[in-house]
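See below for run33.txt, which holds compact mmCIF, C-alpha atoms.
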# COMPACT_ATOMS: atom_id res chain seq x y z
CA MET E 1 103.43 114.23 83.20
CA THR E 2 105.94 111.80 81.77
CA GLY E 3 109.58 110.91 82.13
CA THR E 4 111.96 112.26 79.54
CA GLY E 5 115.14 111.26 77.79
CA SER E 6 116.51 108.06 76.31
CA ASP E 7 118.54 106.88 79.30
CA ARG E 8 120.07 103.50 78.44
CA SER E 9 122.33 103.27 81.46
CA PRO E 10 122.76 99.85 83.14
CA ARG E 11 120.24 100.91 85.77
CA ALA E 12 117.71 101.86 83.09
CA ARG E 13 118.19 98.55 81.29
CA LEU E 14 117.71 96.69 84.58
CA ARG E 15 114.47 98.59 85.21
CA ALA E 16 113.21 97.50 81.80
CA LEU E 17 113.61 93.84 82.81
CA ARG E 18 111.70 93.98 86.07
CA PRO E 19 108.16 92.55 86.32
CA GLU E 20 105.37 94.72 85.00
CA SER E 21 103.63 94.47 88.36
CA PHE E 22 106.48 96.39 90.01
CA GLY E 23 105.39 99.45 88.03
CA ALA E 24 107.88 102.17 87.15
CA ASP E 25 110.16 104.57 88.98
CA PRO E 26 109.48 108.29 88.59
CA THR E 27 111.84 109.95 86.12
CA GLY E 28 112.26 113.23 84.26
CA ALA E 29 109.84 116.03 85.05
CA ARG E 30 107.92 113.85 87.50
CA LEU E 31 111.05 113.12 89.51
CA ALA E 32 112.00 116.79 89.49
CA ARG E 33 108.59 117.66 90.90
CA ILE E 34 108.98 115.03 93.63
CA ARG E 35 112.31 116.52 94.66
CA ARG E 36 110.70 119.96 94.94
CA SER E 37 107.92 118.67 97.20
CA PRO E 38 107.90 120.12 100.74
CA ASN E 39 107.15 116.57 101.90
CA PHE E 40 110.32 115.12 100.34
CA ALA E 41 113.60 115.25 102.24
CA ASP E 42 116.78 113.19 102.56
CA GLY E 43 115.90 111.30 99.39
CA ILE E 44 112.47 110.02 100.47
CA PHE E 45 108.94 111.19 101.20
CA GLN E 46 108.45 111.97 104.88
CA ASN E 47 105.51 111.28 107.18
CA PRO E 48 103.60 114.16 108.81
CA GLU E 49 104.66 112.75 112.19
CA PRO E 50 107.57 110.38 112.87
CA ALA E 51 106.70 106.79 112.01
CA ARG E 52 108.63 103.56 111.79
CA ARG E 53 108.01 102.40 108.22
CA GLY E 54 108.90 98.74 108.69
CA PRO E 55 107.90 96.26 111.40
CA SER E 56 109.41 96.67 114.83
CA GLY E 57 110.17 93.92 117.27
CA SER E 58 111.88 90.57 117.19
CA SER E 59 111.39 88.31 114.17
CA VAL E 60 111.43 85.38 116.59
CA GLU E 61 108.49 86.81 118.53
CA PHE E 62 106.67 87.54 115.29
CA ALA E 63 107.28 83.97 114.10
CA LYS E 64 105.74 82.58 117.28
CA ILE E 65 102.57 84.54 116.61
CA TYR E 66 102.60 83.98 112.85
CA PHE E 67 102.94 80.20 113.05
CA ASP E 68 100.76 79.62 116.12
CA LYS E 69 98.22 77.02 115.02
CA GLU E 70 95.27 78.42 116.95
CA GLY E 71 96.06 81.96 115.84
CA ARG E 72 96.22 80.93 112.19
CA THR E 73 92.79 79.33 112.34
CA ARG E 74 91.31 82.56 113.68
CA ARG E 75 92.81 84.60 110.85
CA ALA E 76 90.37 83.11 108.35
CA PRO E 77 86.57 82.81 108.23
CA THR E 78 84.98 79.46 109.05
CA GLY E 79 82.56 79.60 106.13
CA THR E 80 81.62 81.53 103.02
CA ILE E 81 81.71 85.29 103.41
CA PRO E 82 78.38 86.71 102.24
CA VAL E 83 78.37 88.97 99.18
CA HIS E 84 75.41 91.17 98.23
CA PRO E 85 73.59 89.40 95.39
CA THR E 86 71.89 92.38 93.67
CA THR E 87 74.64 94.99 93.50
CA VAL E 88 74.23 95.59 89.76
CA ALA E 89 70.48 96.20 90.02
CA ASP E 90 70.84 98.36 93.11
CA LEU E 91 73.44 100.60 91.47
CA ALA E 92 71.15 101.11 88.47
CA ARG E 93 68.91 103.28 90.66
CA PRO E 94 70.19 106.76 91.55
CA PRO E 95 70.69 107.44 95.27
CA ALA E 96 67.65 109.12 96.75
CA THR E 97 69.73 111.34 99.06
CA GLY E 98 72.46 112.19 96.55
CA LEU E 99 75.12 110.16 98.37
CA ARG E 100 75.56 106.39 98.30
CA LEU E 101 78.54 104.21 99.22
CA THR E 102 79.17 100.64 98.12
CA TRP E 103 81.97 98.75 99.86
CA MET E 104 83.52 96.37 97.35
CA GLY E 105 85.74 94.75 99.97
CA HIS E 106 89.05 95.73 101.57
CA SER E 107 89.54 99.47 100.83
CA GLY E 108 87.58 99.56 97.60
CA VAL E 109 84.51 101.80 97.70
CA LEU E 110 82.27 103.19 94.97
CA ALA E 111 81.02 106.60 96.10
CA GLU E 112 78.10 108.13 94.21
CA ILE E 113 78.16 111.74 95.29
CA ASP E 114 76.15 114.64 93.90
CA GLY E 115 75.76 113.06 90.47
CA HIS E 116 79.34 111.83 90.17
CA ARG E 117 80.87 108.38 90.60
CA VAL E 118 84.18 108.05 92.46
CA LEU E 119 85.92 104.68 92.79
CA PHE E 120 88.46 104.44 95.63
CA ASP E 121 91.31 101.89 95.67
CA PRO E 122 89.71 99.30 93.36
CA VAL E 123 91.17 95.79 93.64
CA TRP E 124 89.46 93.22 91.44
CA GLY E 125 92.49 90.90 91.27
CA GLU E 126 92.66 87.54 93.03
CA ARG E 127 95.85 88.30 94.95
CA CYS E 128 97.38 91.48 96.34
CA SER E 129 100.86 90.50 95.25
CA PRO E 130 103.31 91.10 92.41
CA PHE E 131 102.96 87.41 91.50
CA PRO E 132 99.80 85.58 90.40
CA PHE E 133 100.89 82.37 92.16
CA ALA E 134 101.78 83.70 95.63
CA GLY E 135 100.76 86.26 98.19
CA PRO E 136 97.51 87.04 100.01
CA LYS E 137 94.48 85.67 98.15
CA ARG E 138 91.06 87.22 98.44
CA LEU E 139 88.67 85.54 100.88
CA HIS E 140 85.50 86.41 98.99
CA PRO E 141 84.70 87.10 95.34
CA VAL E 142 84.23 90.62 94.06
CA PRO E 143 80.58 91.67 94.33
CA LEU E 144 80.27 92.31 90.60
CA PRO E 145 82.43 92.20 87.47
CA LEU E 146 84.37 95.38 86.86
CA ALA E 147 82.70 95.76 83.46
CA ALA E 148 79.28 95.73 85.17
CA LEU E 149 80.19 98.65 87.39
CA GLY E 150 79.33 101.17 84.69
CA PRO E 151 81.01 104.51 83.95
CA VAL E 152 83.23 106.00 86.64
CA ASP E 153 84.14 109.69 86.64
CA VAL E 154 87.35 109.33 88.64
CA VAL E 155 89.40 106.53 90.13
CA VAL E 156 91.18 107.60 93.33
CA ILE E 157 94.29 105.75 94.51
CA SER E 158 95.61 106.20 98.06
CA HIS E 159 99.10 104.69 97.55
CA ASP E 160 100.97 102.11 95.54
CA HIS E 161 100.86 98.99 97.74
CA TYR E 162 99.48 95.89 96.04
CA ASP E 163 96.26 95.76 98.06
CA HIS E 164 95.38 99.30 96.90
CA LEU E 165 96.92 99.62 93.44
CA ASP E 166 96.08 96.46 91.49
CA LEU E 167 97.69 95.88 88.10
CA PRO E 168 94.86 93.90 86.39
CA THR E 169 92.25 96.34 87.66
CA ILE E 170 94.14 99.40 86.47
CA LYS E 171 94.82 97.85 83.06
CA ALA E 172 91.11 97.17 82.66
CA LEU E 173 90.19 100.71 83.69
CA ALA E 174 92.87 102.11 81.36
CA THR E 175 90.63 101.14 78.43
CA THR E 176 87.85 103.44 79.71
CA ASP E 177 87.58 107.23 79.73
CA THR E 178 87.92 107.63 83.50
CA VAL E 179 90.31 110.08 85.12
CA PHE E 180 92.77 108.90 87.79
CA ALA E 181 93.54 111.00 90.87
CA VAL E 182 96.74 109.70 92.51
CA PRO E 183 99.42 110.84 94.97
CA LEU E 184 102.60 112.35 93.58
CA GLY E 185 104.82 109.77 91.88
CA VAL E 186 102.16 107.06 91.51
CA GLY E 187 101.43 108.25 87.98
CA ALA E 188 104.64 106.54 86.82
CA HIS E 189 103.11 103.14 87.53
CA LEU E 190 99.88 103.99 85.74
CA GLU E 191 101.61 105.30 82.65
CA ARG E 192 103.61 102.07 82.37
CA TRP E 193 100.30 100.17 82.52
CA GLY E 194 98.67 102.11 79.71
CA VAL E 195 96.98 105.11 81.33
CA ALA E 196 97.48 108.24 79.24
CA ALA E 197 99.25 111.11 80.99
CA SER E 198 96.35 113.39 80.02
CA ARG E 199 94.04 111.34 82.26
CA LEU E 200 96.21 111.67 85.37
CA ARG E 201 95.70 114.14 88.20
CA GLU E 202 98.84 113.66 90.29
CA LEU E 203 98.77 115.55 93.57
CA ASP E 204 101.00 116.38 96.50
CA TRP E 205 99.43 116.74 99.94
CA ASN E 206 96.96 119.61 100.20
CA GLU E 207 96.74 120.00 96.44
CA SER E 208 93.32 119.74 94.79
CA THR E 209 91.82 118.96 91.42
CA GLU E 210 88.37 119.57 89.99
CA ILE E 211 86.39 116.72 88.42
CA GLY E 212 83.04 118.01 87.27
CA GLU E 213 81.46 119.65 90.32
CA LEU E 214 83.69 117.74 92.74
CA THR E 215 86.86 118.98 94.43
CA LEU E 216 89.30 116.19 95.30
CA THR E 217 92.10 117.01 97.73
CA ALA E 218 95.04 114.76 98.58
CA THR E 219 95.40 115.04 102.34
CA PRO E 220 98.22 113.74 104.56
CA ALA E 221 98.47 110.18 105.87
CA ARG E 222 101.01 108.35 108.05
CA HIS E 223 102.16 105.35 106.05
CA PHE E 224 104.78 104.36 103.44
CA CYS E 225 105.04 103.13 99.85
CA GLY E 226 106.81 100.74 97.51
CA ARG E 227 106.25 97.83 95.14
CA GLY E 228 109.65 96.49 94.12
CA LEU E 229 112.59 94.64 95.61
CA ARG E 230 114.18 97.94 96.60
CA ASN E 231 111.73 100.27 98.31
CA ARG E 232 113.04 103.71 97.35
CA GLN E 233 110.15 105.66 98.98
CA MET E 234 109.74 107.75 95.83
CA THR E 235 105.95 107.74 95.65
CA LEU E 236 103.63 109.53 98.04
CA TRP E 237 100.73 108.08 100.05
CA ALA E 238 97.58 110.05 100.84
CA SER E 239 94.15 110.19 102.33
CA TRP E 240 91.48 111.96 100.27
CA ALA E 241 88.76 114.54 100.90
CA VAL E 242 86.05 114.85 98.26
CA THR E 243 83.70 117.82 98.32
CA GLY E 244 80.60 118.17 96.15
CA PRO E 245 77.88 120.81 95.96
CA ALA E 246 75.89 119.08 98.74
CA HIS E 247 78.07 116.39 100.33
CA ARG E 248 81.57 115.76 101.73
CA ILE E 249 83.31 112.41 102.11
CA PHE E 250 86.72 111.23 103.31
CA HIS E 251 88.79 108.12 102.49
CA SER E 252 91.68 107.39 104.84
CA GLY E 253 93.75 105.11 102.63
CA ASP E 254 96.24 103.37 104.92
CA THR E 255 97.52 105.35 107.87
CA GLY E 256 98.57 105.28 111.46
CA TYR E 257 96.76 107.63 113.77
CA PHE E 258 98.19 111.17 113.88
CA SER E 259 97.08 114.58 115.04
CA GLY E 260 96.66 115.82 111.47
CA PHE E 261 93.15 114.37 111.26
CA LYS E 262 91.99 117.39 113.25
CA ASP E 263 93.51 119.72 110.66
CA ILE E 264 91.96 117.78 107.78
CA GLY E 265 88.57 117.97 109.46
CA ALA E 266 88.92 121.69 110.07
CA ALA E 267 89.90 122.35 106.44
CA HIS E 268 87.54 119.99 104.61
CA GLY E 269 84.95 118.63 107.03
CA PRO E 270 82.79 117.84 108.73
CA PHE E 271 81.99 114.86 106.50
CA ASP E 272 78.73 113.17 105.67
CA ALA E 273 80.66 109.90 105.59
CA THR E 274 84.18 108.71 106.26
CA MET E 275 85.81 105.50 105.03
CA ILE E 276 88.36 104.61 107.70
CA GLN E 277 91.07 101.91 107.78
CA ILE E 278 90.51 99.68 110.84
CA GLY E 279 92.20 96.40 109.86
CA ALA E 280 95.65 94.82 109.31
CA TYR E 281 97.05 96.36 112.48
CA SER E 282 99.63 94.81 114.80
CA GLU E 283 101.86 95.74 117.70
CA PHE E 284 104.71 95.13 115.24
CA TRP E 285 103.70 98.13 113.06
CA THR E 286 101.72 100.49 115.30
CA ASP E 287 102.77 103.67 113.46
CA ILE E 288 101.38 102.87 110.01
CA HIS E 289 97.98 101.19 110.53
CA MET E 290 95.16 102.06 112.92
CA THR E 291 93.28 99.81 115.30
CA PRO E 292 89.47 100.14 115.35
CA ALA E 293 89.71 102.38 118.42
CA GLU E 294 92.23 104.62 116.67
CA GLY E 295 90.09 104.63 113.53
CA MET E 296 87.13 105.85 115.56
CA ARG E 297 89.30 108.53 117.14
CA ALA E 298 90.35 109.64 113.64
CA HIS E 299 86.71 109.81 112.53
CA LEU E 300 85.79 111.96 115.52
CA ASP E 301 88.75 114.26 114.84
CA LEU E 302 87.59 114.65 111.25
CA GLN E 303 84.13 115.63 112.52
CA GLY E 304 85.45 118.35 114.80
CA GLY E 305 85.86 116.25 117.94
CA GLY E 306 82.46 114.63 118.38
CA PRO E 307 80.05 112.21 116.70
CA GLY E 308 78.84 113.13 113.25
CA GLY E 309 78.17 111.69 109.84
CA VAL E 310 78.61 107.96 109.27
CA MET E 311 81.78 105.91 109.55
CA LEU E 312 82.35 103.00 107.15
CA PRO E 313 85.12 100.63 108.34
CA ILE E 314 87.42 99.55 105.50
CA HIS E 315 90.66 97.62 104.94
CA TRP E 316 89.48 94.39 106.50
CA GLY E 317 87.65 91.16 105.71
CA THR E 318 88.92 90.56 102.17
CA PHE E 319 92.61 89.70 102.58
CA ASN E 320 94.55 88.16 105.44
CA LEU E 321 97.30 90.72 106.10
CA ALA E 322 97.96 90.68 109.85
CA PRO E 323 98.09 88.37 112.88
CA HIS E 324 94.80 89.53 114.42
CA PRO E 325 91.69 87.32 114.16
CA TRP E 326 89.73 87.81 110.95
CA ALA E 327 86.59 89.15 112.67
CA GLU E 328 88.34 91.35 115.21
CA PRO E 329 88.32 94.63 113.20
CA GLY E 330 84.54 94.40 112.84
CA GLU E 331 84.02 93.65 116.51
CA GLY E 332 86.41 96.38 117.57
CA THR E 333 84.61 98.93 115.40
CA VAL E 334 81.25 98.05 116.94
CA GLU E 335 82.72 98.45 120.42
CA ALA E 336 84.36 101.77 119.54
CA ALA E 337 81.17 103.12 117.97
CA GLU E 338 79.09 102.23 121.00
CA GLY E 339 81.58 103.98 123.27
CA ALA E 340 81.51 107.13 121.13
CA ALA E 341 77.77 107.11 120.33
CA GLN E 342 78.79 107.25 116.66
CA ARG E 343 76.76 105.91 113.73
CA ILE E 344 78.55 103.27 111.67
CA ALA E 345 77.62 101.26 108.60
CA LEU E 346 78.37 97.53 108.47
CA PRO E 347 77.45 96.42 104.95
CA ILE E 348 78.42 93.06 103.53
CA PRO E 349 80.63 93.42 100.44
CA GLY E 350 78.67 94.90 97.55
CA GLN E 351 75.76 96.20 99.66
CA PRO E 352 75.00 99.84 98.76
CA PHE E 353 73.80 102.19 101.49
CA GLU E 354 73.03 105.87 101.81
CA PRO E 355 74.65 107.60 104.80
CA GLY E 356 71.75 110.04 104.95
CA ALA E 357 69.16 107.30 105.28
CA GLU E 358 67.40 106.74 108.58
CA ARG E 359 68.42 103.09 108.70
CA LEU E 360 71.94 101.83 108.02
CA PRO E 361 73.17 98.26 107.58
CA ASP E 362 74.23 97.50 111.13
CA ALA E 363 74.16 93.73 111.62
CA PRO E 364 77.51 92.11 112.63
CA TRP E 365 77.29 89.75 109.65
CA TRP E 366 80.79 88.29 110.20
CA ARG E 367 79.71 86.43 113.34
CA ALA E 368 78.00 83.77 111.26
CA VAL E 369 81.27 82.83 109.56
CA ALA E 370 83.90 83.48 112.24
CA ARG E 371 85.22 81.63 115.27
CA VAL E 372 83.76 82.91 118.51
CA PRO E 373 86.41 84.71 120.59
CA ALA E 374 87.28 83.44 124.04
CA GLY E 375 85.07 85.99 125.78
CA GLY E 376 82.20 85.58 123.34
CA TRP E 377 80.86 88.17 120.92
CA GLY E 378 80.99 91.56 122.53
CA GLY E 379 83.01 90.07 125.38
CA SER E 380 86.63 90.19 126.41
CA GLY E 381 88.01 87.80 123.80
CA LEU E 382 89.66 90.46 121.67
CA THR E 383 93.41 90.91 121.54
CA ASP E 384 95.27 93.84 123.05
CA GLY E 385 94.25 96.14 120.18
CA HIS E 386 97.33 95.48 118.09
CA GLY E 387 96.58 91.95 116.95
CA THR E 388 98.32 89.88 119.63
CA PRO E 389 96.86 88.23 122.74
CA GLU E 390 96.92 90.12 126.03
CA GLY E 391 100.33 89.84 127.63
CA ALA E 392 102.25 89.10 124.43
CA ALA E 393 105.06 91.56 123.81
CA ALA E 394 107.72 92.05 121.20
CA ALA E 395 111.32 92.93 121.96
CA ASN E 396 112.83 96.01 120.39
CA ALA E 397 115.01 94.82 117.53
CA GLU E 398 115.79 95.56 113.93
CA PRO E 399 112.81 95.35 111.56
CA VAL E 400 112.25 92.42 109.22
CA THR E 401 111.44 93.52 105.69
CA GLY E 402 110.81 92.07 102.27
CA PRO E 403 108.60 92.61 99.20
CA SER E 404 105.21 91.30 98.22
CA SER E 405 101.85 92.90 98.98
CA GLY E 406 103.55 96.07 100.15
CA GLU E 407 101.81 95.75 103.51
CA PRO E 408 103.10 94.36 106.74
CA GLY E 409 101.57 91.07 107.64
CA GLU E 410 100.69 87.57 106.62
CA GLY E 411 101.81 86.61 103.16
CA SER E 412 103.03 90.11 102.48
CA GLY E 413 106.70 89.66 103.14
CA ARG E 414 106.87 92.76 105.35
CA GLY E 415 107.14 91.53 108.88
CA ALA E 416 106.85 87.86 108.00
CA PRO E 417 109.48 85.46 109.30
CA GLU E 418 112.30 84.60 106.93
CA ALA E 419 110.75 81.29 105.93
CA ALA E 420 107.42 82.94 105.16
CA ARG E 421 108.67 85.75 102.93
CA THR E 422 107.82 85.94 99.28
CA PRO E 423 111.04 85.84 97.22
Serialized structure, structure tokens:
Amino acid sequence: MTGTGSDRSPRARLRALRPESFGADPTGARLARIRRSPNFADGIFQNPEPARRGPSGSSVEFAKIYFDKEGRTRRAPTGTIPVHPTTVADLARPPATGLRLTWMGHSGVLAEIDGHRVLFDPVWGERCSPFPFAGPKRLHPVPLPLAALGPVDVVVISHDHYDHLDLPTIKALATTDTVFAVPLGVGAHLERWGVAASRLRELDWNESTEIGELTLTATPARHFCGRGLRNRQMTLWASWAVTGPAHRIFHSGDTGYFSGFKDIGAAHGPFDATMIQIGAYSEFWTDIHMTPAEGMRAHLDLQGGGPGGVMLPIHWGTFNLAPHPWAEPGEGTVEAAEGAAQRIALPIPGQPFEPGAERLPDAPWWRAVARVPAGGWGGSGLTDGHGTPEGAAAANAEPVTGPSSGEPGEGSGRGAPEAARTP
């Protein structure tokens, strides 16, 4: 689906001058489809439950946390993050159980499911930013070159923020034969970057597409969108359910917790594995990102209310996007899993695992390269669950906003103090 017409209005000429990394605004038939969406109202896409899109709280309070010296040291690892050394060789062997997941870091996962290869939110770039010289820089290298990954049947994008939709990665994949499954409106970015319209499957919530023997369904999420200086909220965000002949998997994308996980589980689950966002949370943006405890609650909802399948924590470890300590999402997930008697996988980046295997990677590998919290590992040294120390509170005030990674948090511009914003 492409835009139409030869609009040379001043606004159109201005769009032509903006950086390539900003992507493109939906136009023509795509824009008309957006306006017909049941999830589009008052000129923007709406969340399934009310959610504050930008950071809440006082910018002064945020600045105190953001610039606190001790806090900043805990937001980065103390040493080299381990990366699996034999990813290429391991992926050359087919999964024995028919389902294998490989966490590439952050939200990127290669899912090999029932003879198909699905790549979620691939980010091979060095920074999740519109600019190559600024913005959050990756904390570990990618586990393998993109060219070494091999053929991919479908690339699935959850939304258009820079840490999920990466320009250099998409341009490299545009030269292959892969299909792209994206939320409604996101196709405009991909077409500008060289992806043919015929290779796009652009879906509204609860719409599905068939790729080989797989059914991919864009399911609701509680988040927001935007890449440019003016966030027009004209592209949708989504979680994804993928169903094959023998297996079912779920990728949360970015989302705050909401009751709709129960509906998704009832319609598409239970799942053999879920990939759940558990990082980059803060008390300044509680509606749009989940804490580890909320991520576990979402997983249980997706499984019908109790333990089931395997949960893979994602959206952490690779980029510094929030005030919480770097290792806290991992620790919080372990604690939540123990409380729920739920199986989790804790691979290092690039380490393939099969959810159906008897043994999962379960070592808290981050402890070797992270500062020990005040209460010790497994102790009481975690923050209040939203990335700030116990007792810290933010006043209710107007949100602070600005462009960069598209996410709230450190280096992203959204929620950063004025002096820390990317221009």
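Counting all atoms listed in the file, the residue from E:Glu331, E:Asp166, E:Asp160, E:Asp272 that sits nearest to Gln233 in chain E is E:Asp160.
Computed from the coordinates, the CA of Thr73 in chain E to CA of Gly350 in chain E distance equals 25.7 Å.
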(request) Find the residues around Pro307 in chain E up to 9 Å (all atoms listed in the file counted), leave out those fewer than 2 positions away in its own chain, and share them as a ChimeraX atom specification. (result) /E:299-300,303-305,309-310,340-343
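Minimum atom-to-atom distance to Ala246 in chain E, evaluated using only C-alpha atoms, belongs to E:Thr215 out of E:Gln351, E:Ser282, E:Ser259, E:Thr215.
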Among E:Pro329, E:Phe261, E:Arg227, E:Met311, Ala280 in chain E is approached most closely, using all atoms listed in the file, by E:Pro329
